[in-house]
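First up is the structure itself, then whatever we jot down about it.
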Amino acid sequence: MSKALVITGGRPLSGSVEIPSAKNSVLPLLAASVLCTQPVRLTRVPRLSDVMRCTAILEAIGFSARREGTDILVEPAALRSANLPTGPVSSMRASVLFLAPVLARMGRVETCMPGGCRLGPRPIDIHLDGLVHMGATVKWKADRLILEAPRGLHGIDYTLRFPSVGATETLLLAAACARGATVLRGAACEPEIRDLAEFLKACGASITGAGGPVICISGRRELGGAVFSPLPDRIVAATVACAVASAGGQATLRRCDPFAFSPVLAALQQAGCEVELRGAEEVCVARTGQLKGIGRVFTGVYPGFPTDAAPLLAAALLCAASESSIEDTVFENRFSCSAGFAAMGAEVEAAGHVLEIRPAKRLHGAHVRAGDLRGGAALALAALAAEGETEIAEAEHILRGYEDPARLLRDLGAKTAQKNETVS
Ligand code: EPZ
């Protein structure tokens, strides 16, 4: 059963929202719990379909993983299988994060290639190259990837050819229980990396430097467990800020870290939004008049402008008085939402990594289709500024990263609904 998100635009937003815990921290933390010999409790975990995919993987290999209110409780058990289940793995990129911990615990792991948002080729060569340097062997049997390390993994001094978020997380997880010391150079610096390291340290790991480009890990024989609250979702925060920029009005974002998405706030300020910091965990964003274009924005690895927010900023700039363009230096196919923008009357052109945005007189409702998580969210933001009703089909893409997008926007005064579509 497919789902659709229906939005009637033309109304300014007004309200206050609490930012949920970060999907891109919760997913690696659930993978990390495979290394734990004691229970793990993650608090304030949003109800996301990708979280359910991770708990399905944990259950398939022998762990007990269940929701208790807003918490997820993971209880270790004797791992009964090293085969990751094809269903959740083939539909979620983050499933790659289970390779290292299962390999470390069982000496073997078998899986299909991870799926997920179609943002480009998304190889896993850096993940695999690092694990091979740590003592793993890699082979393919038909479409199954098999990694083995019968003598366990050992520490390395390793330089990543690109600061891949997932590969940094894979090698951090592999090093946490490897024999000896590991140094990761050229590591990703995203806040979610630091959060994963803090969780592993709470479980007994020895890690320094996470959040910076050089991370040092001393392997431990085993890890215990922890109660841990993941950090706020900087991309959901960026989504709400761009929603205000698109629809007009104002919103207060509570329990967020404004500095974790400061490039997004800076771009919105440059376009003409008002941004008011209210302490370390709260920011108010407002837009009254028409925005202006802001020239070319380049995405980049952290602390640069986040690639995930590229389509969100684009949605906010569709009705600006002058031109903008956004170049995504991270993924090859970030702007699948450009067709939906155009269907609403936007003047956009997607060419490779770049989206060109020229002033649109006005946007009107349309029937559009979500192609990936953040592209689908961007269509919802554009719909807030469109006169009339927009229906976004295949909204299940959006539910991967937003617990209830219709309610999130409704809490801010938007007119929204979610409906089930019979799959034609
Ligand atoms: C993580 O994906 C996030 N997902 C993505 O968020 C985010 O867009 C991305 O980091 C960049 O910030 C999660 O954390 C679950 P990468 P990941 O490895 O780890 C290339 C969302 O919307 N690469 O940093 O897959 C790759 O092709 C999602 O929440 C290799 O070439 O991103 C890409 O061009 C979308 N070889 C670039 O690096 C590798 O082995 C960045 O990928 C790995 C990556």
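Chain identifiers are assigned as A, B, and so on, following the order in which chains appear in the structure tokens; residues are numbered from 1 within each chain, and ligands are numbered from 1 in order of appearance.
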
Check your understanding: Please, which residues have at least one atom within 6 Å of an atom of ligand 1, using only C-alpha atoms and all ligand atoms, listed as number ranges by chain?
Key -> A: 24, 94, 121-127, 164-167, 307-308, 330-331, 373-374

Point to revise | Within 7 Å of region 230-246 of chain A using only C-alpha atoms, minus same-chain residues under 2 positions, as a ChimeraX atom specification | key: /A:13,19-23,25-26,195,228,248-251,255-257,260-261,264,273,285-287,308-309,312-313,315-316,381-382,384-385

Check your understanding: Which residue, A:Leu153, A:Ala380, A:Leu172, A:Ile193, has the smallest gap to Gly9 (chain A) when you use only C-alpha atoms?
Key -> A:Ala380

**Study point:** Counting only C-alpha atoms, the residue of A:Asp71, A:Glu421, A:Asp157, A:Glu198 that sits nearest Thr182 (chain A)
**Key:** A:Asp157

Practice item. With a distance cut-off of 9 Å and only C-alpha atoms, select the neighbouring residues of Glu75 (chain A), excluding the residue or stretch itself and same-chain residues fewer than 6 positions from it, and output the selection as an MDAnalysis selection string. Key: chainID A and resid 33 36:41 63:66

Review point. Using only C-alpha atoms, which residues sit within 9 Å of Glu148 (chain A) once same-chain residues fewer than 6 positions away are excluded, as number ranges by chain?
Key: A: 103, 106-110, 135-139

Restricted to all heavy atoms, what would the selected residues look like written as an mmCIF file, in the first residue's frame?
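And here's again_6.cif as it stands now:
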data_model
loop_
_atom_site.group_PDB
_atom_site.id
_atom_site.type_symbol
_atom_site.label_atom_id
_atom_site.label_comp_id
_atom_site.auth_asym_id
_atom_site.auth_seq_id
_atom_site.Cartn_x
_atom_site.Cartn_y
_atom_site.Cartn_z
ATOM 1 N N LEU A 103 30.678 -9.126 11.582
ATOM 2 C CA LEU A 103 31.956 -9.764 11.245
ATOM 3 C C LEU A 103 32.844 -9.850 12.478
ATOM 4 O O LEU A 103 33.452 -10.891 12.762
ATOM 5 C CB LEU A 103 32.662 -8.965 10.146
ATOM 6 C CG LEU A 103 34.042 -9.452 9.707
ATOM 7 C CD1 LEU A 103 33.964 -10.829 9.051
ATOM 8 C CD2 LEU A 103 34.676 -8.429 8.758
ATOM 9 N N MET A 106 31.173 -12.574 14.822
ATOM 10 C CA MET A 106 30.984 -13.965 14.372
ATOM 11 C C MET A 106 32.100 -14.468 13.478
ATOM 12 O O MET A 106 32.128 -15.625 13.093
ATOM 13 C CB MET A 106 29.630 -14.086 13.656
ATOM 14 C CG MET A 106 28.441 -13.730 14.547
ATOM 15 S SD MET A 106 26.885 -14.157 13.781
ATOM 16 C CE MET A 106 26.846 -15.954 14.047
ATOM 17 N N GLY A 107 32.993 -13.562 13.055
ATOM 18 C CA GLY A 107 34.071 -13.975 12.170
ATOM 19 C C GLY A 107 33.631 -14.112 10.722
ATOM 20 O O GLY A 107 34.404 -14.479 9.841
ATOM 21 N N ARG A 108 32.343 -13.810 10.476
ATOM 22 C CA ARG A 108 31.798 -13.951 9.120
ATOM 23 C C ARG A 108 30.534 -13.119 9.013
ATOM 24 O O ARG A 108 29.799 -12.937 9.985
ATOM 25 C CB ARG A 108 31.466 -15.421 8.861
ATOM 26 C CG ARG A 108 30.943 -15.735 7.466
ATOM 27 C CD ARG A 108 30.601 -17.225 7.337
ATOM 28 N NE ARG A 108 30.343 -17.578 5.946
ATOM 29 C CZ ARG A 108 29.169 -17.362 5.331
ATOM 30 N NH1 ARG A 108 28.165 -16.792 5.997
ATOM 31 N NH2 ARG A 108 29.006 -17.691 4.063
ATOM 32 N N VAL A 109 30.246 -12.596 7.824
ATOM 33 C CA VAL A 109 28.962 -11.927 7.573
ATOM 34 C C VAL A 109 28.653 -12.067 6.092
ATOM 35 O O VAL A 109 29.557 -12.039 5.245
ATOM 36 C CB VAL A 109 28.991 -10.443 8.004
ATOM 37 C CG1 VAL A 109 30.014 -9.653 7.206
ATOM 38 C CG2 VAL A 109 27.602 -9.815 7.906
ATOM 39 N N GLU A 110 27.372 -12.283 5.800
ATOM 40 C CA GLU A 110 26.932 -12.442 4.407
ATOM 41 C C GLU A 110 25.749 -11.528 4.175
ATOM 42 O O GLU A 110 24.862 -11.400 5.032
ATOM 43 C CB GLU A 110 26.539 -13.905 4.151
ATOM 44 C CG GLU A 110 26.135 -14.176 2.713
ATOM 45 C CD GLU A 110 25.813 -15.632 2.433
ATOM 46 O OE1 GLU A 110 26.432 -16.524 3.076
ATOM 47 O OE2 GLU A 110 24.934 -15.881 1.592
ATOM 48 N N GLY A 135 42.179 -7.317 8.163
ATOM 49 C CA GLY A 135 42.298 -8.771 8.232
ATOM 50 C C GLY A 135 41.127 -9.547 7.682
ATOM 51 O O GLY A 135 41.081 -10.774 7.780
ATOM 52 N N ALA A 136 40.159 -8.857 7.063
ATOM 53 C CA ALA A 136 39.008 -9.562 6.501
ATOM 54 C C ALA A 136 39.303 -10.003 5.068
ATOM 55 O O ALA A 136 40.151 -9.431 4.395
ATOM 56 C CB ALA A 136 37.777 -8.651 6.511
ATOM 57 N N THR A 137 38.606 -11.054 4.644
ATOM 58 C CA THR A 137 38.611 -11.412 3.222
ATOM 59 C C THR A 137 37.222 -11.114 2.685
ATOM 60 O O THR A 137 36.220 -11.202 3.415
ATOM 61 C CB THR A 137 38.897 -12.920 3.019
ATOM 62 O OG1 THR A 137 37.868 -13.659 3.704
ATOM 63 C CG2 THR A 137 40.262 -13.279 3.568
ATOM 64 N N VAL A 138 37.171 -10.723 1.401
ATOM 65 C CA VAL A 138 35.900 -10.330 0.775
ATOM 66 C C VAL A 138 35.698 -11.182 -0.478
ATOM 67 O O VAL A 138 36.634 -11.338 -1.278
ATOM 68 C CB VAL A 138 35.935 -8.841 0.366
ATOM 69 C CG1 VAL A 138 34.683 -8.456 -0.408
ATOM 70 C CG2 VAL A 138 36.095 -7.962 1.598
ATOM 71 N N LYS A 139 34.521 -11.781 -0.611
ATOM 72 C CA LYS A 139 34.243 -12.469 -1.882
ATOM 73 C C LYS A 139 32.769 -12.324 -2.223
ATOM 74 O O LYS A 139 31.933 -12.045 -1.356
ATOM 75 C CB LYS A 139 34.644 -13.949 -1.803
ATOM 76 C CG LYS A 139 33.905 -14.788 -0.794
ATOM 77 C CD LYS A 139 34.473 -16.223 -0.769
ATOM 78 C CE LYS A 139 33.806 -17.044 0.340
ATOM 79 N NZ LYS A 139 34.509 -18.305 0.602
#

Just want the 9 Å neighbourhood of region 81-87 of chain A, counted on only C-alpha atoms, with same-chain residues fewer than 4 positions away dropped. Output as a PDB file with N, CA, C and O atoms, in the first residue's frame.
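Result saved to part.pdb:
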ATOM      1  N   ARG A  53      13.588  -1.156  10.013  1.00  0.00           N
ATOM      2  CA  ARG A  53      14.445  -2.031   9.200  1.00  0.00           C
ATOM      3  C   ARG A  53      15.652  -2.493  10.017  1.00  0.00           C
ATOM      4  O   ARG A  53      16.050  -3.658   9.965  1.00  0.00           O
ATOM      5  N   ALA A  56      14.649  -5.066  12.516  1.00  0.00           N
ATOM      6  CA  ALA A  56      14.400  -6.350  11.811  1.00  0.00           C
ATOM      7  C   ALA A  56      15.731  -7.076  11.563  1.00  0.00           C
ATOM      8  O   ALA A  56      15.826  -8.309  11.707  1.00  0.00           O
ATOM      9  N   ILE A  57      16.766  -6.329  11.223  1.00  0.00           N
ATOM     10  CA  ILE A  57      18.085  -6.952  11.017  1.00  0.00           C
ATOM     11  C   ILE A  57      18.593  -7.521  12.338  1.00  0.00           C
ATOM     12  O   ILE A  57      19.077  -8.659  12.405  1.00  0.00           O
ATOM     13  N   LEU A  58      18.454  -6.745  13.413  1.00  0.00           N
ATOM     14  CA  LEU A  58      18.912  -7.233  14.735  1.00  0.00           C
ATOM     15  C   LEU A  58      18.185  -8.515  15.118  1.00  0.00           C
ATOM     16  O   LEU A  58      18.797  -9.480  15.587  1.00  0.00           O
ATOM     17  N   ALA A  60      16.841 -10.668  13.114  1.00  0.00           N
ATOM     18  CA  ALA A  60      17.200 -11.763  12.192  1.00  0.00           C
ATOM     19  C   ALA A  60      18.512 -12.426  12.589  1.00  0.00           C
ATOM     20  O   ALA A  60      18.716 -13.619  12.352  1.00  0.00           O
ATOM     21  N   ILE A  61      19.416 -11.679  13.234  1.00  0.00           N
ATOM     22  CA  ILE A  61      20.711 -12.288  13.603  1.00  0.00           C
ATOM     23  C   ILE A  61      20.683 -12.822  15.031  1.00  0.00           C
ATOM     24  O   ILE A  61      21.675 -13.385  15.508  1.00  0.00           O
ATOM     25  N   GLY A  62      19.556 -12.609  15.735  1.00  0.00           N
ATOM     26  CA  GLY A  62      19.436 -13.251  17.052  1.00  0.00           C
ATOM     27  C   GLY A  62      19.266 -12.321  18.226  1.00  0.00           C
ATOM     28  O   GLY A  62      19.078 -12.764  19.356  1.00  0.00           O
ATOM     29  N   SER A  91      16.777  -2.402   0.996  1.00  0.00           N
ATOM     30  CA  SER A  91      16.017  -1.141   0.892  1.00  0.00           C
ATOM     31  C   SER A  91      16.593  -0.040   1.776  1.00  0.00           C
ATOM     32  O   SER A  91      15.979   1.015   1.945  1.00  0.00           O
ATOM     33  N   SER A  95      22.160  -0.288   6.196  1.00  0.00           N
ATOM     34  CA  SER A  95      22.363  -1.705   6.565  1.00  0.00           C
ATOM     35  C   SER A  95      23.826  -2.084   6.413  1.00  0.00           C
ATOM     36  O   SER A  95      24.307  -3.011   7.073  1.00  0.00           O
ATOM     37  N   PHE A  98      25.993  -2.794   9.489  1.00  0.00           N
ATOM     38  CA  PHE A  98      25.946  -4.037  10.276  1.00  0.00           C
ATOM     39  C   PHE A  98      27.089  -4.990   9.887  1.00  0.00           C
ATOM     40  O   PHE A  98      27.373  -5.950  10.602  1.00  0.00           O
ATOM     41  N   LEU A  99      27.746  -4.726   8.732  1.00  0.00           N
ATOM     42  CA  LEU A  99      28.793  -5.664   8.288  1.00  0.00           C
ATOM     43  C   LEU A  99      29.890  -5.801   9.337  1.00  0.00           C
ATOM     44  O   LEU A  99      30.220  -6.906   9.778  1.00  0.00           O
ATOM     45  N   VAL A 102      28.883  -7.470  12.916  1.00  0.00           N
ATOM     46  CA  VAL A 102      28.577  -8.911  12.808  1.00  0.00           C
ATOM     47  C   VAL A 102      29.862  -9.682  12.481  1.00  0.00           C
ATOM     48  O   VAL A 102      30.148 -10.732  13.068  1.00  0.00           O
ATOM     49  N   LEU A 103      30.678  -9.126  11.582  1.00  0.00           N
ATOM     50  CA  LEU A 103      31.956  -9.764  11.245  1.00  0.00           C
ATOM     51  C   LEU A 103      32.844  -9.850  12.478  1.00  0.00           C
ATOM     52  O   LEU A 103      33.452 -10.891  12.762  1.00  0.00           O
ATOM     53  N   MET A 106      31.173 -12.574  14.822  1.00  0.00           N
ATOM     54  CA  MET A 106      30.984 -13.965  14.372  1.00  0.00           C
ATOM     55  C   MET A 106      32.100 -14.468  13.478  1.00  0.00           C
ATOM     56  O   MET A 106      32.128 -15.625  13.093  1.00  0.00           O
ATOM     57  N   GLY A 107      32.993 -13.562  13.055  1.00  0.00           N
ATOM     58  CA  GLY A 107      34.071 -13.975  12.170  1.00  0.00           C
ATOM     59  C   GLY A 107      33.631 -14.112  10.722  1.00  0.00           C
ATOM     60  O   GLY A 107      34.404 -14.479   9.841  1.00  0.00           O
ATOM     61  N   ARG A 108      32.343 -13.810  10.476  1.00  0.00           N
ATOM     62  CA  ARG A 108      31.798 -13.951   9.120  1.00  0.00           C
ATOM     63  C   ARG A 108      30.534 -13.119   9.013  1.00  0.00           C
ATOM     64  O   ARG A 108      29.799 -12.937   9.985  1.00  0.00           O
ATOM     65  N   VAL A 109      30.246 -12.596   7.824  1.00  0.00           N
ATOM     66  CA  VAL A 109      28.962 -11.927   7.573  1.00  0.00           C
ATOM     67  C   VAL A 109      28.653 -12.067   6.092  1.00  0.00           C
ATOM     68  O   VAL A 109      29.557 -12.039   5.245  1.00  0.00           O
ATOM     69  N   GLU A 110      27.372 -12.283   5.800  1.00  0.00           N
ATOM     70  CA  GLU A 110      26.932 -12.442   4.407  1.00  0.00           C
ATOM     71  C   GLU A 110      25.749 -11.528   4.175  1.00  0.00           C
ATOM     72  O   GLU A 110      24.862 -11.400   5.032  1.00  0.00           O
ATOM     73  N   THR A 111      25.709 -10.863   3.030  1.00  0.00           N
ATOM     74  CA  THR A 111      24.632  -9.900   2.768  1.00  0.00           C
ATOM     75  C   THR A 111      24.490  -9.668   1.269  1.00  0.00           C
ATOM     76  O   THR A 111      25.335 -10.066   0.480  1.00  0.00           O
ATOM     77  N   CYS A 112      23.373  -9.016   0.894  1.00  0.00           N
ATOM     78  CA  CYS A 112      23.255  -8.503  -0.469  1.00  0.00           C
ATOM     79  C   CYS A 112      23.753  -7.067  -0.439  1.00  0.00           C
ATOM     80  O   CYS A 112      24.062  -6.526   0.628  1.00  0.00           O
ATOM     81  N   MET A 113      23.844  -6.422  -1.585  1.00  0.00           N
ATOM     82  CA  MET A 113      24.293  -5.015  -1.600  1.00  0.00           C
ATOM     83  C   MET A 113      23.212  -4.147  -0.929  1.00  0.00           C
ATOM     84  O   MET A 113      22.019  -4.368  -1.126  1.00  0.00           O
ATOM     85  N   PRO A 114      23.633  -3.173  -0.141  1.00  0.00           N
ATOM     86  CA  PRO A 114      22.638  -2.316   0.507  1.00  0.00           C
ATOM     87  C   PRO A 114      21.895  -1.469  -0.514  1.00  0.00           C
ATOM     88  O   PRO A 114      22.465  -1.075  -1.536  1.00  0.00           O
TER      89      PRO A 114
END

Review point. Which residues come within 6 Å of region 319-322 of chain A, counting only C-alpha atoms, excluding same-chain residues fewer than 6 positions away, as a PyMOL selection string?
Key: chain A and resi 291-293+359-360

Exercise for review: Can you check which residues of region 62-291 of chain A DSSP gives as alpha helix (DSSP H) on the backbone and send them as a PyMOL selection string?
Suggested key: chain A and resi 86-90+99-106+125-133+165-176+191-202+234-247+262-271

Exercise for review: Would you please extract all strand (DSSP E) residues from region 167-209 of chain A, as assigned by DSSP on the backbone, and give them as an MDAnalysis selection string?
Suggested key: chainID A and resid 181:185 206:208

**Study point:** Given only C-alpha atoms as the counted atoms, nearest of A:Arg220, A:Ala226, A:Thr329, A:Thr159 to Ile72 (chain A)
**Key:**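 Ranking A:Arg220, A:Ala226, A:Thr329, A:Thr159 by distance to Ile72 (chain A), first place goes to A:Ala226.
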
Identify, on the basis of only C-alpha atoms, every residue whose closest approach to Gly15 (chain A) does not exceed 10 Å; exclude the query and any residue fewer than 3 positions from it along the same chain; express the result as a short mmCIF file (atom, residue, chain, number, x, y, z; two decimals) with all heavy atoms, in the first residue's frame.
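Final output, saved to result-v7.cif:
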data_model
loop_
_atom_site.label_atom_id
_atom_site.label_comp_id
_atom_site.auth_asym_id
_atom_site.auth_seq_id
_atom_site.Cartn_x
_atom_site.Cartn_y
_atom_site.Cartn_z
N GLY A 249 6.09 33.18 7.47
CA GLY A 249 5.68 33.03 8.87
C GLY A 249 6.89 32.86 9.76
O GLY A 249 7.97 33.39 9.49
N GLN A 250 6.70 32.08 10.87
CA GLN A 250 7.83 31.89 11.79
C GLN A 250 7.67 30.57 12.52
O GLN A 250 6.58 30.01 12.63
CB GLN A 250 7.91 33.06 12.79
CG GLN A 250 6.68 33.25 13.65
CD GLN A 250 6.63 32.31 14.86
OE1 GLN A 250 7.67 31.85 15.35
NE2 GLN A 250 5.41 31.99 15.28
N ALA A 251 8.80 30.04 13.00
CA ALA A 251 8.77 28.80 13.79
C ALA A 251 9.91 28.83 14.79
O ALA A 251 10.99 29.37 14.51
CB ALA A 251 8.90 27.58 12.90
N THR A 252 9.65 28.28 15.97
CA THR A 252 10.69 28.11 16.98
C THR A 252 11.07 26.63 17.00
O THR A 252 10.20 25.76 17.10
CB THR A 252 10.18 28.54 18.38
OG1 THR A 252 9.85 29.93 18.32
CG2 THR A 252 11.25 28.32 19.44
N LEU A 253 12.37 26.37 16.86
CA LEU A 253 12.88 25.00 16.85
C LEU A 253 13.50 24.73 18.22
O LEU A 253 14.48 25.40 18.59
CB LEU A 253 13.93 24.80 15.76
CG LEU A 253 13.47 24.77 14.30
CD1 LEU A 253 12.93 26.12 13.83
CD2 LEU A 253 14.64 24.35 13.40
N CYS A 284 14.87 30.59 16.43
CA CYS A 284 13.62 31.01 15.80
C CYS A 284 13.94 31.48 14.38
O CYS A 284 14.90 32.23 14.16
CB CYS A 284 12.97 32.16 16.60
SG CYS A 284 11.41 32.68 15.86
N LEU A 409 4.13 19.33 9.97
CA LEU A 409 3.78 20.59 9.30
C LEU A 409 2.45 21.14 9.84
O LEU A 409 2.28 22.35 9.99
CB LEU A 409 3.72 20.37 7.79
CG LEU A 409 5.06 20.01 7.13
CD1 LEU A 409 4.87 19.70 5.65
CD2 LEU A 409 6.09 21.12 7.32
N ARG A 410 1.53 20.22 10.19
CA ARG A 410 0.23 20.67 10.74
C ARG A 410 0.44 21.38 12.06
O ARG A 410 -0.20 22.37 12.37
CB ARG A 410 -0.70 19.46 10.89
CG ARG A 410 -2.15 19.80 10.90
CD ARG A 410 -3.04 18.59 10.59
NE ARG A 410 -2.68 17.39 11.33
CZ ARG A 410 -2.27 16.25 10.76
NH1 ARG A 410 -2.12 16.20 9.44
NH2 ARG A 410 -1.99 15.18 11.49
N ASP A 411 1.37 20.88 12.87
CA ASP A 411 1.69 21.53 14.17
C ASP A 411 2.21 22.95 13.97
O ASP A 411 2.25 23.73 14.90
CB ASP A 411 2.73 20.70 14.94
CG ASP A 411 2.14 19.42 15.50
OD1 ASP A 411 0.90 19.27 15.45
OD2 ASP A 411 2.92 18.55 15.96
N LEU A 412 2.63 23.24 12.74
CA LEU A 412 3.11 24.59 12.43
C LEU A 412 2.08 25.40 11.66
O LEU A 412 2.37 26.47 11.13
CB LEU A 412 4.41 24.49 11.62
CG LEU A 412 5.63 24.00 12.40
CD1 LEU A 412 6.79 23.68 11.47
CD2 LEU A 412 6.05 25.01 13.46
N GLY A 413 0.84 24.87 11.59
CA GLY A 413 -0.24 25.64 10.97
C GLY A 413 -0.52 25.32 9.52
O GLY A 413 -1.39 25.93 8.89
#

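Residue nearest Ala414 (chain A) within the list A:Ala174, A:Ala386, A:Ala202, A:Leu268: A:Ala386 [criterion: smallest interatomic distance, only C-alpha atoms].
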